[in-house]
$ cat run-v4.pdb   # PDB, C-alpha atoms
ATOM      1  CA  MET A   1       0.000   0.000   0.000
ATOM      2  CA  THR A   2       1.546   3.336  -1.007
ATOM      3  CA  HIS A   3       1.849   6.279   1.360
ATOM      4  CA  HIS A   4      -0.700   8.252  -0.640
ATOM      5  CA  HIS A   5      -3.136   5.374  -0.499
ATOM      6  CA  ASP A   6      -2.559   4.929   3.202
ATOM      7  CA  GLU A   7      -3.548   8.547   3.731
ATOM      8  CA  ARG A   8      -6.714   8.142   1.693
ATOM      9  CA  VAL A   9      -7.665   5.028   3.648
ATOM     10  CA  ASN A  10      -6.959   6.875   6.918
ATOM     11  CA  ALA A  11      -9.171   9.765   5.827
ATOM     12  CA  LEU A  12     -12.016   7.497   4.799
ATOM     13  CA  GLU A  13     -11.723   5.503   7.994
ATOM     14  CA  ARG A  14     -11.898   8.712  10.032
ATOM     15  CA  ALA A  15     -14.957   9.873   8.075
ATOM     16  CA  LEU A  16     -16.701   6.591   8.831
ATOM     17  CA  VAL A  17     -15.880   6.783  12.533
ATOM     18  CA  ASP A  18     -17.248  10.353  12.566
ATOM     19  CA  ALA A  19     -20.318   9.138  10.723
ATOM     20  CA  TYR A  20     -20.880   6.435  13.322
ATOM     21  CA  ARG A  21     -20.546   8.851  16.203
ATOM     22  CA  SER A  22     -22.857  11.438  14.698
ATOM     23  CA  GLN A  23     -25.615   8.939  13.972
ATOM     24  CA  SER A  24     -29.009   9.735  15.422
ATOM     25  CA  SER A  25     -30.008   7.413  18.250
ATOM     26  CA  SER A  26     -33.744   7.736  17.649
ATOM     27  CA  ALA A  27     -33.836   4.093  16.562
ATOM     28  CA  GLY A  28     -33.191   3.139  20.175
ATOM     29  CA  ASP A  29     -36.331   4.801  21.547
ATOM     30  CA  VAL A  30     -38.487   1.772  22.135
ATOM     31  CA  ASP A  31     -40.971   0.715  24.777
ATOM     32  CA  VAL A  32     -40.900  -2.997  25.396
ATOM     33  CA  THR A  33     -42.161  -3.049  28.996
ATOM     34  CA  GLN A  34     -45.553  -4.488  28.144
ATOM     35  CA  THR A  35     -44.348  -7.127  25.708
ATOM     36  CA  VAL A  36     -41.536  -8.335  27.955
ATOM     37  CA  MET A  37     -43.752  -8.507  31.050
ATOM     38  CA  ARG A  38     -46.397 -10.371  29.068
ATOM     39  CA  GLU A  39     -43.808 -12.933  28.036
ATOM     40  CA  ILE A  40     -42.499 -13.232  31.587
ATOM     41  CA  ARG A  41     -46.001 -13.827  32.952
ATOM     42  CA  ARG A  42     -46.712 -16.362  30.235
ATOM     43  CA  SER A  43     -43.580 -18.347  30.968
ATOM     44  CA  GLY A  44     -43.979 -18.299  34.730
ATOM     45  CA  ALA A  45     -41.884 -21.433  34.881
ATOM     46  CA  ALA A  46     -38.713 -19.368  34.951
ATOM     47  CA  ARG A  47     -39.008 -18.816  38.692
ATOM     48  CA  GLY A  48     -39.358 -22.526  39.238
ATOM     49  CA  ARG A  49     -36.284 -23.080  37.087
ATOM     50  CA  TRP A  50     -34.280 -20.651  39.219
ATOM     51  CA  ALA A  51     -35.221 -22.507  42.392
ATOM     52  CA  THR A  52     -34.423 -25.878  40.811
ATOM     53  CA  ALA A  53     -31.133 -24.583  39.460
ATOM     54  CA  THR A  54     -30.135 -23.208  42.859
ATOM     55  CA  VAL A  55     -30.988 -26.468  44.658
ATOM     56  CA  LEU A  56     -29.175 -28.496  41.994
ATOM     57  CA  ASP A  57     -26.116 -26.269  42.257
ATOM     58  CA  GLN A  58     -25.971 -26.705  46.013
ATOM     59  CA  LEU A  59     -26.531 -30.465  45.726
ATOM     60  CA  VAL A  60     -23.765 -30.877  43.147
ATOM     61  CA  TRP A  61     -21.258 -28.867  45.172
ATOM     62  CA  ARG A  62     -22.038 -30.644  48.438
ATOM     63  CA  THR A  63     -21.873 -34.076  46.816
ATOM     64  CA  ALA A  64     -18.580 -33.204  45.157
ATOM     65  CA  THR A  65     -17.082 -31.932  48.427
ATOM     66  CA  ILE A  66     -18.171 -35.003  50.417
ATOM     67  CA  THR A  67     -16.964 -37.372  47.685
ATOM     68  CA  ALA A  68     -13.582 -35.651  47.521
ATOM     69  CA  ALA A  69     -13.191 -35.871  51.311
ATOM     70  CA  VAL A  70     -14.133 -39.590  51.348
ATOM     71  CA  VAL A  71     -11.737 -40.381  48.493
ATOM     72  CA  LEU A  72      -8.920 -38.511  50.216
ATOM     73  CA  MET A  73      -9.483 -40.370  53.495
ATOM     74  CA  ALA A  74      -9.700 -43.711  51.704
ATOM     75  CA  ALA A  75      -6.482 -42.979  49.841
ATOM     76  CA  LEU A  76      -4.661 -42.067  53.058
ATOM     77  CA  LEU A  77      -5.932 -45.167  54.835
ATOM     78  CA  THR A  78      -4.938 -47.390  51.913
ATOM     79  CA  VAL A  79      -1.443 -45.969  51.814
ATOM     80  CA  GLY A  80      -1.113 -46.410  55.563
ATOM     81  CA  LEU A  81      -2.327 -50.026  55.490
ATOM     82  CA  LEU A  82      -0.114 -51.003  52.570
ATOM     83  CA  ARG A  83       2.991 -49.576  54.150
ATOM     84  CA  THR A  84       2.573 -51.144  57.617
ATOM     85  CA  PRO A  85       3.199 -54.864  56.728
ATOM     86  CA  ALA A  86       6.385 -54.086  54.886
ATOM     87  CA  GLY A  87       7.685 -52.374  57.998
ATOM     88  CA  ASP A  88      10.740 -51.011  56.212
ATOM     89  CA  SER A  89      11.024 -47.508  57.414
ATOM     90  CA  PRO A  90      13.730 -45.412  55.766
ATOM     91  CA  SER A  91      15.708 -45.242  59.017
ATOM     92  CA  LEU A  92      15.832 -49.052  59.361
ATOM     93  CA  VAL A  93      17.031 -49.480  55.818
ATOM     94  CA  ALA A  94      19.688 -46.877  56.391
ATOM     95  CA  GLU A  95      20.889 -48.617  59.534
ATOM     96  CA  GLU A  96      21.105 -51.931  57.683
ATOM     97  CA  PHE A  97      23.350 -50.418  55.068
ATOM     98  CA  GLU A  98      25.509 -48.718  57.619
ATOM     99  CA  SER A  99      26.061 -51.975  59.560
ATOM    100  CA  VAL A 100      27.788 -53.648  56.599
ATOM    101  CA  PRO A 101      31.107 -52.000  55.818
ATOM    102  CA  LEU A 102      31.928 -51.782  52.159
ATOM    103  CA  PHE A 103      35.614 -52.421  52.600
ATOM    104  CA  GLU A 104      37.202 -54.502  55.298
ATOM    105  CA  ASP A 105      40.373 -53.132  56.881
TER     106      ASP A 105
ATOM    107  CA  MET B   1     -14.122   3.655  28.308
ATOM    108  CA  SER B   2     -11.128   5.821  27.529
ATOM    109  CA  HIS B   3     -11.280   9.548  28.145
ATOM    110  CA  ALA B   4     -11.051  10.342  24.421
ATOM    111  CA  ALA B   5     -14.021   8.155  23.663
ATOM    112  CA  ALA B   6     -15.992   9.611  26.529
ATOM    113  CA  VAL B   7     -15.363  13.074  25.132
ATOM    114  CA  ALA B   8     -16.248  11.941  21.639
ATOM    115  CA  PHE B   9     -19.595  10.665  22.857
ATOM    116  CA  ALA B  10     -20.307  13.479  25.241
ATOM    117  CA  ASP B  11     -22.275  15.538  22.718
ATOM    118  CA  GLY B  12     -24.791  12.876  21.986
ATOM    119  CA  GLY B  13     -24.746  11.430  25.496
ATOM    120  CA  LEU B  14     -24.145   8.074  23.873
ATOM    121  CA  ILE B  15     -21.757   5.981  25.868
ATOM    122  CA  PRO B  16     -23.172   2.480  25.607
ATOM    123  CA  GLY B  17     -22.712   0.479  28.756
ATOM    124  CA  ILE B  18     -21.686   3.493  30.782
ATOM    125  CA  HIS B  19     -24.235   6.213  30.218
ATOM    126  CA  LEU B  20     -27.145   6.285  32.638
ATOM    127  CA  SER B  21     -30.677   7.122  31.663
ATOM    128  CA  MET B  22     -32.089  10.475  32.735
ATOM    129  CA  ALA B  23     -34.066   9.033  35.630
ATOM    130  CA  LEU B  24     -30.953   7.459  37.102
ATOM    131  CA  ASP B  25     -28.681  10.439  36.785
ATOM    132  CA  SER B  26     -30.431  12.145  39.669
ATOM    133  CA  LEU B  27     -29.506   9.331  42.075
ATOM    134  CA  PRO B  28     -26.075   9.022  43.709
ATOM    135  CA  ALA B  29     -24.247   5.914  42.462
ATOM    136  CA  GLY B  30     -24.113   4.239  45.889
ATOM    137  CA  SER B  31     -27.805   4.514  46.688
ATOM    138  CA  ARG B  32     -28.673   3.519  43.136
ATOM    139  CA  SER B  33     -26.726   0.272  43.340
ATOM    140  CA  LEU B  34     -28.178  -0.497  46.780
ATOM    141  CA  GLU B  35     -31.661   0.167  45.507
ATOM    142  CA  GLU B  36     -31.012  -2.011  42.480
ATOM    143  CA  ALA B  37     -29.600  -4.824  44.562
ATOM    144  CA  ALA B  38     -32.755  -4.773  46.682
ATOM    145  CA  LEU B  39     -34.910  -4.704  43.563
ATOM    146  CA  VAL B  40     -33.071  -7.644  42.008
ATOM    147  CA  ARG B  41     -33.370  -9.583  45.278
ATOM    148  CA  ARG B  42     -37.132  -9.017  45.335
ATOM    149  CA  ILE B  43     -37.474 -10.221  41.754
ATOM    150  CA  ARG B  44     -35.397 -13.313  42.483
ATOM    151  CA  GLN B  45     -37.584 -14.060  45.472
ATOM    152  CA  GLY B  46     -40.603 -14.175  43.217
ATOM    153  CA  ASP B  47     -41.871 -10.609  42.799
ATOM    154  CA  SER B  48     -41.469 -10.793  39.018
ATOM    155  CA  GLU B  49     -43.707  -7.756  38.435
ATOM    156  CA  ARG B  50     -40.899  -5.574  39.769
ATOM    157  CA  PHE B  51     -38.869  -6.465  36.682
ATOM    158  CA  ALA B  52     -40.976  -3.851  34.874
ATOM    159  CA  ASP B  53     -39.145  -1.220  36.953
ATOM    160  CA  LEU B  54     -35.814  -2.418  35.595
ATOM    161  CA  ILE B  55     -37.155  -2.386  32.039
ATOM    162  CA  GLU B  56     -38.480   1.156  32.443
ATOM    163  CA  ARG B  57     -35.171   2.229  33.837
ATOM    164  CA  TYR B  58     -32.899   0.657  31.234
ATOM    165  CA  GLN B  59     -34.793   0.233  27.983
ATOM    166  CA  ARG B  60     -33.475   3.492  26.593
ATOM    167  CA  HIS B  61     -29.962   2.507  27.488
ATOM    168  CA  VAL B  62     -30.365  -0.920  25.869
ATOM    169  CA  GLY B  63     -32.183   0.661  22.904
ATOM    170  CA  ARG B  64     -29.189   2.890  22.242
ATOM    171  CA  ILE B  65     -26.756  -0.010  22.294
ATOM    172  CA  VAL B  66     -28.936  -2.164  20.066
ATOM    173  CA  GLY B  67     -29.988   0.741  17.819
ATOM    174  CA  ARG B  68     -26.388   1.306  16.797
ATOM    175  CA  ARG B  69     -25.779  -2.302  15.938
ATOM    176  CA  VAL B  70     -28.754  -3.702  14.079
ATOM    177  CA  PRO B  71     -31.149  -2.463  11.369
ATOM    178  CA  ALA B  72     -33.791  -0.060  12.705
ATOM    179  CA  ASP B  73     -36.667  -2.429  11.974
ATOM    180  CA  ARG B  74     -35.183  -5.086  14.275
ATOM    181  CA  VAL B  75     -34.336  -2.893  17.271
ATOM    182  CA  ALA B  76     -37.554  -3.387  19.267
ATOM    183  CA  GLU B  77     -37.429  -7.146  18.763
ATOM    184  CA  LEU B  78     -33.846  -7.376  19.982
ATOM    185  CA  VAL B  79     -34.362  -5.040  22.938
ATOM    186  CA  HIS B  80     -37.235  -7.306  23.931
ATOM    187  CA  GLU B  81     -34.939 -10.314  23.616
ATOM    188  CA  VAL B  82     -32.272  -8.645  25.754
ATOM    189  CA  PHE B  83     -34.694  -8.098  28.637
ATOM    190  CA  VAL B  84     -36.108 -11.602  28.432
ATOM    191  CA  LYS B  85     -32.557 -12.985  28.557
ATOM    192  CA  ALA B  86     -31.761 -10.697  31.478
ATOM    193  CA  TYR B  87     -34.813 -11.954  33.365
ATOM    194  CA  VAL B  88     -34.029 -15.602  32.741
ATOM    195  CA  ASN B  89     -30.366 -15.117  33.710
ATOM    196  CA  LEU B  90     -31.035 -12.905  36.700
ATOM    197  CA  PRO B  91     -29.840 -15.601  39.154
ATOM    198  CA  GLN B  92     -26.397 -15.334  37.540
ATOM    199  CA  PHE B  93     -26.204 -11.600  38.160
ATOM    200  CA  SER B  94     -23.812 -10.774  40.976
ATOM    201  CA  ASN B  95     -23.656  -7.342  42.521
ATOM    202  CA  SER B  96     -19.932  -7.176  41.775
ATOM    203  CA  VAL B  97     -20.720  -5.248  38.580
ATOM    204  CA  PRO B  98     -23.352  -2.553  38.084
ATOM    205  CA  PHE B  99     -26.596  -3.879  36.655
ATOM    206  CA  GLU B 100     -26.390  -1.641  33.603
ATOM    207  CA  HIS B 101     -22.961  -3.044  32.684
ATOM    208  CA  TRP B 102     -24.246  -6.569  33.029
ATOM    209  CA  LEU B 103     -27.222  -5.632  30.863
ATOM    210  CA  ALA B 104     -24.950  -3.927  28.315
ATOM    211  CA  GLY B 105     -23.012  -7.190  27.983
ATOM    212  CA  ILE B 106     -26.209  -9.093  27.248
ATOM    213  CA  ALA B 107     -27.199  -6.450  24.687
ATOM    214  CA  VAL B 108     -23.829  -6.551  22.912
ATOM    215  CA  ARG B 109     -23.807 -10.347  22.791
ATOM    216  CA  THR B 110     -27.416 -10.461  21.566
ATOM    217  CA  CYS B 111     -26.487  -8.178  18.672
ATOM    218  CA  TYR B 112     -23.450 -10.334  17.950
ATOM    219  CA  ASP B 113     -25.706 -13.409  17.846
ATOM    220  CA  PHE B 114     -28.042 -11.518  15.519
ATOM    221  CA  TRP B 115     -25.245 -10.960  12.998
ATOM    222  CA  ARG B 116     -23.989 -14.506  13.331
ATOM    223  CA  GLN B 117     -27.459 -15.767  12.503
ATOM    224  CA  ARG B 118     -27.859 -13.237   9.705
ATOM    225  CA  THR B 119     -24.527 -14.126   8.139
ATOM    226  CA  ARG B 120     -25.617 -17.726   7.891
ATOM    227  CA  ASP B 121     -28.968 -16.818   6.334
ATOM    228  CA  GLU B 122     -28.282 -13.885   4.098
ATOM    229  CA  VAL B 123     -26.890 -13.123   0.694
ATOM    230  CA  PRO B 124     -23.618 -11.163   0.589
ATOM    231  CA  ALA B 125     -23.754  -7.371   0.601
ATOM    232  CA  SER B 126     -24.054  -5.805  -2.820
ATOM    233  CA  ALA B 127     -21.506  -3.422  -4.321
ATOM    234  CA  LEU B 128     -21.512   0.279  -3.537
ATOM    235  CA  SER B 129     -23.785   2.452  -5.652
ATOM    236  CA  ASP B 130     -22.569   5.372  -7.771
ATOM    237  CA  ASP B 131     -23.850   7.786  -5.116
ATOM    238  CA  HIS B 132     -21.717   6.117  -2.511
ATOM    239  CA  GLN B 133     -18.669   6.073  -4.753
ATOM    240  CA  ARG B 134     -19.231   9.768  -5.383
ATOM    241  CA  TRP B 135     -19.488  10.360  -1.612
ATOM    242  CA  ILE B 136     -16.147   8.621  -1.104
ATOM    243  CA  GLU B 137     -14.473  10.796  -3.741
ATOM    244  CA  GLN B 138     -15.993  14.000  -2.351
ATOM    245  CA  THR B 139     -14.930  13.069   1.170
ATOM    246  CA  LEU B 140     -11.393  12.317   0.127
ATOM    247  CA  SER B 141     -11.126  15.558  -1.814
ATOM    248  CA  ALA B 142     -12.622  17.730   0.954
ATOM    249  CA  ALA B 143     -10.734  21.016   1.016
ATOM    250  CA  SER B 144     -11.334  21.853   4.663
ATOM    251  CA  GLU B 145     -12.044  20.141   7.986
ATOM    252  CA  GLN B 146     -15.549  21.597   7.975
ATOM    253  CA  GLU B 147     -16.249  20.204   4.528
ATOM    254  CA  PHE B 148     -14.906  16.847   5.691
ATOM    255  CA  ARG B 149     -17.218  16.849   8.717
ATOM    256  CA  ASP B 150     -20.184  17.810   6.563
ATOM    257  CA  GLN B 151     -19.450  14.866   4.332
ATOM    258  CA  ALA B 152     -19.198  12.543   7.342
ATOM    259  CA  ALA B 153     -22.613  13.705   8.531
ATOM    260  CA  LYS B 154     -24.302  12.736   5.271
ATOM    261  CA  ARG B 155     -26.544   9.736   4.989
ATOM    262  CA  GLU B 156     -24.171   8.135   2.488
ATOM    263  CA  ALA B 157     -21.510   7.968   5.181
ATOM    264  CA  ALA B 158     -23.681   5.751   7.361
ATOM    265  CA  ASP B 159     -24.553   3.636   4.325
ATOM    266  CA  VAL B 160     -20.904   3.121   3.399
ATOM    267  CA  LEU B 161     -20.045   2.258   6.986
ATOM    268  CA  GLU B 162     -22.869  -0.254   7.152
ATOM    269  CA  TRP B 163     -21.804  -1.677   3.799
ATOM    270  CA  ALA B 164     -18.219  -2.068   5.037
ATOM    271  CA  LEU B 165     -19.279  -3.634   8.333
ATOM    272  CA  ARG B 166     -21.369  -6.173   6.478
ATOM    273  CA  GLN B 167     -18.261  -7.419   4.719
ATOM    274  CA  LEU B 168     -16.734  -8.353   8.056
ATOM    275  CA  ALA B 169     -17.237 -11.556  10.014
ATOM    276  CA  PRO B 170     -19.706 -11.120  12.917
ATOM    277  CA  GLU B 171     -16.979 -11.302  15.574
ATOM    278  CA  GLN B 172     -14.910  -8.728  13.688
ATOM    279  CA  ARG B 173     -17.940  -6.484  13.381
ATOM    280  CA  ALA B 174     -18.707  -6.793  17.099
ATOM    281  CA  VAL B 175     -15.197  -6.046  18.249
ATOM    282  CA  LEU B 176     -14.564  -3.288  15.705
ATOM    283  CA  THR B 177     -17.774  -1.528  16.732
ATOM    284  CA  LEU B 178     -16.800  -1.602  20.400
ATOM    285  CA  VAL B 179     -13.112  -0.805  20.172
ATOM    286  CA  HIS B 180     -12.673   1.378  17.087
ATOM    287  CA  LEU B 181     -16.046   3.026  16.639
ATOM    288  CA  GLU B 182     -17.183   3.408  20.223
ATOM    289  CA  GLY B 183     -13.755   3.735  21.801
ATOM    290  CA  TYR B 184     -13.998   1.095  24.515
ATOM    291  CA  SER B 185     -10.738  -0.202  25.906
ATOM    292  CA  VAL B 186      -9.770  -3.769  25.055
ATOM    293  CA  ARG B 187     -10.487  -4.820  28.640
ATOM    294  CA  GLU B 188     -13.971  -3.270  28.605
ATOM    295  CA  ALA B 189     -14.757  -4.836  25.246
ATOM    296  CA  ALA B 190     -13.607  -8.207  26.605
ATOM    297  CA  GLN B 191     -15.964  -7.875  29.553
ATOM    298  CA  LEU B 192     -18.890  -6.922  27.348
ATOM    299  CA  LEU B 193     -18.316  -9.697  24.842
ATOM    300  CA  GLY B 194     -17.333 -12.311  27.401
ATOM    301  CA  TRP B 195     -14.053 -12.987  25.573
ATOM    302  CA  SER B 196     -10.489 -12.974  26.849
ATOM    303  CA  VAL B 197      -8.477  -9.759  26.603
ATOM    304  CA  ILE B 198      -5.945 -11.328  24.244
ATOM    305  CA  ASN B 199      -8.749 -12.616  22.023
ATOM    306  CA  VAL B 200     -10.256  -9.133  21.760
ATOM    307  CA  LYS B 201      -6.848  -7.635  21.069
ATOM    308  CA  VAL B 202      -6.122 -10.056  18.237
ATOM    309  CA  ARG B 203      -9.594  -9.813  16.720
ATOM    310  CA  ALA B 204      -9.679  -6.022  16.977
ATOM    311  CA  HIS B 205      -6.381  -5.825  15.128
ATOM    312  CA  ARG B 206      -7.544  -8.217  12.413
ATOM    313  CA  ALA B 207     -10.915  -6.477  12.123
ATOM    314  CA  ARG B 208      -9.315  -3.099  11.583
ATOM    315  CA  ARG B 209      -6.924  -4.533   9.033
ATOM    316  CA  ALA B 210      -9.869  -6.151   7.236
ATOM    317  CA  LEU B 211     -11.829  -2.889   7.247
ATOM    318  CA  ARG B 212      -8.880  -0.984   5.844
ATOM    319  CA  GLY B 213      -8.465  -3.623   3.171
ATOM    320  CA  ILE B 214     -12.108  -3.211   2.171
ATOM    321  CA  LEU B 215     -11.807   0.563   2.057
ATOM    322  CA  HIS B 216      -8.558   0.340   0.133
ATOM    323  CA  GLU B 217     -10.163  -1.784  -2.564
ATOM    324  CA  ASN B 218     -12.970   0.711  -2.999
ATOM    325  CA  ILE B 219     -11.196   4.033  -3.128
ATOM    326  CA  GLY B 220      -9.515   3.192  -6.419
ATOM    327  CA  GLY B 221      -6.322   4.534  -7.867
ATOM    328  CA  GLY B 222      -3.966   1.896  -6.478
ATOM    329  CA  SER B 223      -3.301  -1.792  -6.392
ATOM    330  CA  HIS B 224      -4.128  -3.783  -3.298
ATOM    331  CA  ASP B 225      -1.040  -4.975  -1.509
ATOM    332  CA  ALA B 226      -1.242  -8.375   0.143
ATOM    333  CA  SER B 227       0.349  -7.020   3.290
ATOM    334  CA  SER B 228      -2.289  -4.305   3.728
TER     335      SER B 228
END
$ encode --input "run-v4.pdb" --output "structure tokens"
Amino acid sequence: MTHHHDERVNALERALVDAYRSQSSSAGDVDVTQTVMREIRRSGAARGRWATATVLDQLVWRTATITAAVVLMAALLTVGLLRTPAGDSPSLVAEEFESVPLFED
Amino acid sequence: MSHAAAVAFADGGLIPGIHLSMALDSLPAGSRSLEEAALVRRIRQGDSERFADLIERYQRHVGRIVGRRVPADRVAELVHEVFVKAYVNLPQFSNSVPFEHWLAGIAVRTCYDFWRQRTRDEVPASALSDDHQRWIEQTLSAASEQEFRDQAAKREAADVLEWALRQLAPEQRAVLTLVHLEGYSVREAAQLLGWSVINVKVRAHRARRALRGILHENIGGGSHDASS
């Protein structure tokens, strides 16, 4: 794009932005109160949906929290139970190694 | 909204998403939000008739946002749709943002959906008429700033803008309108559209480049460079 063309595009772009900002807003003067309220009254189920949605939300979150807690406890217990029979704590293993010298004098 | 944009809109009092309707301007911001929070709580608790108060209060505000984005004969229908959506989604409204901003977001996204639907259904925009081509030439050859402004105020200017916007993809149109035409910051546009900031930044850049490409092809007198 040449410099001259760039300038022409800039000028046109600016004119269009000005045009947008000077547009009349009369198209936005509407009154929808009656029609919206009529639709809201007709579909009175929305309120019921809100209540259901709220209860469902709470139920899902509580179930998820309880499940996570149970899983965590089960995991900890399992780890604890599996490690007990082996009975090889790191300190015992270390002592065993230390008791056998690598090189005899 | 940036200061420059606020100044640019000050004359017409048209700052979508920020400007308050006349009835609200008389109330201090704090008491207004408290009053609104109480009103929203009552509606959520089942007093749905009180929603009419919110419509009365904000329909002009929503009408302005929608009126700038869709054809005049569809404004009432879409404003209606915005309020129905707002009512249905009222449980999701948190008082962390002002109600009018939340409503502005619904309005902007409803208009975006309108153009997405329209793009799927409609034939491509036709070429510019001779009158519009003449307007472009007269605008570009304006001898003074006043003459330039007079040209920009003509009906053809709005037609050419609408013609150019129709060439863009709906998401480009939405983001270009917010960021370049209305002067919202990238962050504000992201909030209104429900997109990430980086997404808005990238799309705004591409949208502007696309618009300039369209304008470049229609002002004549030069070949279109691929890098433009």
$ residues_around --input "run-v4.pdb" --residues "B:Arg44" --least-positions-apart "2" --cutoff "8 Å" --atoms "all atoms listed in the file" --output "CSV table (one decimal) with C-alpha atoms, keeping the file's coordinate frame"
chain,number,residue,atom,x,y,z
A,47,ARG,CA,-39.0,-18.8,38.7
B,40,VAL,CA,-33.1,-7.6,42.0
B,41,ARG,CA,-33.4,-9.6,45.3
B,42,ARG,CA,-37.1,-9.0,45.3
B,46,GLY,CA,-40.6,-14.2,43.2
B,47,ASP,CA,-41.9,-10.6,42.8
B,48,SER,CA,-41.5,-10.8,39.0
B,90,LEU,CA,-31.0,-12.9,36.7
B,91,PRO,CA,-29.8,-15.6,39.2
$ resolve_selection --input "run-v4.pdb" --expression "the PyMOL selection byres ((chain B) within 7 of (chain A))" --output "NGL selection string"
:B and (9 or 46 or 52 or 55-56 or 59-60 or 63-64 or 66-67 or 72 or 75-76 or 80 or 83-84 or 88 or 91 or 140 or 152-153 or 157-158 or 161 or 181 or 212 or 215-216 or 222 or 224-225 or 228)
$ write_last_selection --input "run-v4.pdb" --atoms "C-alpha atoms" --output "JSON list (two decimals), keeping the file's coordinate frame"
[["chain", "number", "residue", "atom", "x", "y", "z"],
["B", 9, "PHE", "CA", -19.60, 10.66, 22.86],
["B", 46, "GLY", "CA", -40.60, -14.18, 43.22],
["B", 52, "ALA", "CA", -40.98, -3.85, 34.87],
["B", 55, "ILE", "CA", -37.16, -2.39, 32.04],
["B", 56, "GLU", "CA", -38.48, 1.16, 32.44],
["B", 59, "GLN", "CA", -34.79, 0.23, 27.98],
["B", 60, "ARG", "CA", -33.48, 3.49, 26.59],
["B", 63, "GLY", "CA", -32.18, 0.66, 22.90],
["B", 64, "ARG", "CA", -29.19, 2.89, 22.24],
["B", 66, "VAL", "CA", -28.94, -2.16, 20.07],
["B", 67, "GLY", "CA", -29.99, 0.74, 17.82],
["B", 72, "ALA", "CA", -33.79, -0.06, 12.70],
["B", 75, "VAL", "CA", -34.34, -2.89, 17.27],
["B", 76, "ALA", "CA", -37.55, -3.39, 19.27],
["B", 80, "HIS", "CA", -37.24, -7.31, 23.93],
["B", 83, "PHE", "CA", -34.69, -8.10, 28.64],
["B", 84, "VAL", "CA", -36.11, -11.60, 28.43],
["B", 88, "VAL", "CA", -34.03, -15.60, 32.74],
["B", 91, "PRO", "CA", -29.84, -15.60, 39.15],
["B", 140, "LEU", "CA", -11.39, 12.32, 0.13],
["B", 152, "ALA", "CA", -19.20, 12.54, 7.34],
["B", 153, "ALA", "CA", -22.61, 13.70, 8.53],
["B", 157, "ALA", "CA", -21.51, 7.97, 5.18],
["B", 158, "ALA", "CA", -23.68, 5.75, 7.36],
["B", 161, "LEU", "CA", -20.05, 2.26, 6.99],
["B", 181, "LEU", "CA", -16.05, 3.03, 16.64],
["B", 212, "ARG", "CA", -8.88, -0.98, 5.84],
["B", 215, "LEU", "CA", -11.81, 0.56, 2.06],
["B", 216, "HIS", "CA", -8.56, 0.34, 0.13],
["B", 222, "GLY", "CA", -3.97, 1.90, -6.48],
["B", 224, "HIS", "CA", -4.13, -3.78, -3.30],
["B", 225, "ASP", "CA", -1.04, -4.97, -1.51],
["B", 228, "SER", "CA", -2.29, -4.30, 3.73]]
$ atom_distance --input "run-v4.pdb" --atom1 "atom CA of B:Arg134" --atom2 "atom CA of B:Leu165"
19.2 Å
$ atom_distance --input "run-v4.pdb" --atom1 "atom CA of B:Leu168" --atom2 "atom CA of B:Ile219"
17.6 Å
$ atom_distance --input "run-v4.pdb" --atom1 "atom CA of B:Glu147" --atom2 "atom CA of B:Arg68"
24.7 Å
$ residues_near_point --input "run-v4.pdb" --point "(-11.8, -4.6, 8.6)" --cutoff "9 Å" --atoms "only C-alpha atoms" --output "PyMOL selection string"
chain B and resi 164-165+167-169+172-173+176+204-215
$ write_last_selection --input "run-v4.pdb" --atoms "C-alpha atoms" --output "mmCIF file, in the coordinates of the input"
data_model
loop_
_atom_site.group_PDB
_atom_site.id
_atom_site.type_symbol
_atom_site.label_atom_id
_atom_site.label_comp_id
_atom_site.auth_asym_id
_atom_site.auth_seq_id
_atom_site.Cartn_x
_atom_site.Cartn_y
_atom_site.Cartn_z
ATOM 1 C CA ALA B 164 -18.219 -2.068 5.037
ATOM 2 C CA LEU B 165 -19.279 -3.634 8.333
ATOM 3 C CA GLN B 167 -18.261 -7.419 4.719
ATOM 4 C CA LEU B 168 -16.734 -8.353 8.056
ATOM 5 C CA ALA B 169 -17.237 -11.556 10.014
ATOM 6 C CA GLN B 172 -14.910 -8.728 13.688
ATOM 7 C CA ARG B 173 -17.940 -6.484 13.381
ATOM 8 C CA LEU B 176 -14.564 -3.288 15.705
ATOM 9 C CA ALA B 204 -9.679 -6.022 16.977
ATOM 10 C CA HIS B 205 -6.381 -5.825 15.128
ATOM 11 C CA ARG B 206 -7.544 -8.217 12.413
ATOM 12 C CA ALA B 207 -10.915 -6.477 12.123
ATOM 13 C CA ARG B 208 -9.315 -3.099 11.583
ATOM 14 C CA ARG B 209 -6.924 -4.533 9.033
ATOM 15 C CA ALA B 210 -9.869 -6.151 7.236
ATOM 16 C CA LEU B 211 -11.829 -2.889 7.247
ATOM 17 C CA ARG B 212 -8.880 -0.984 5.844
ATOM 18 C CA GLY B 213 -8.465 -3.623 3.171
ATOM 19 C CA ILE B 214 -12.108 -3.211 2.171
ATOM 20 C CA LEU B 215 -11.807 0.563 2.057
#
$ axis_aligned_box --input "run-v4.pdb" --around "stretch 187-201 of chain B" --padding-each-side "6 Å" --output "AutoDock Vina command-line options"
--center_x -12.4 --center_y -8.1 --center_z 25.3 --size_x 24.9 --size_y 21.7 --size_z 20.5
$ residues_around --input "run-v4.pdb" --residues "stretch 96-99 of chain B" --least-positions-apart "4" --cutoff "9 Å" --atoms "only C-alpha atoms" --output "JSON list (two decimals) with C-alpha atoms, keeping the file's coordinate frame"
[["chain", "number", "residue", "atom", "x", "y", "z"],
["B", 33, "SER", "CA", -26.73, 0.27, 43.34],
["B", 36, "GLU", "CA", -31.01, -2.01, 42.48],
["B", 37, "ALA", "CA", -29.60, -4.82, 44.56],
["B", 103, "LEU", "CA", -27.22, -5.63, 30.86],
["B", 104, "ALA", "CA", -24.95, -3.93, 28.32]]
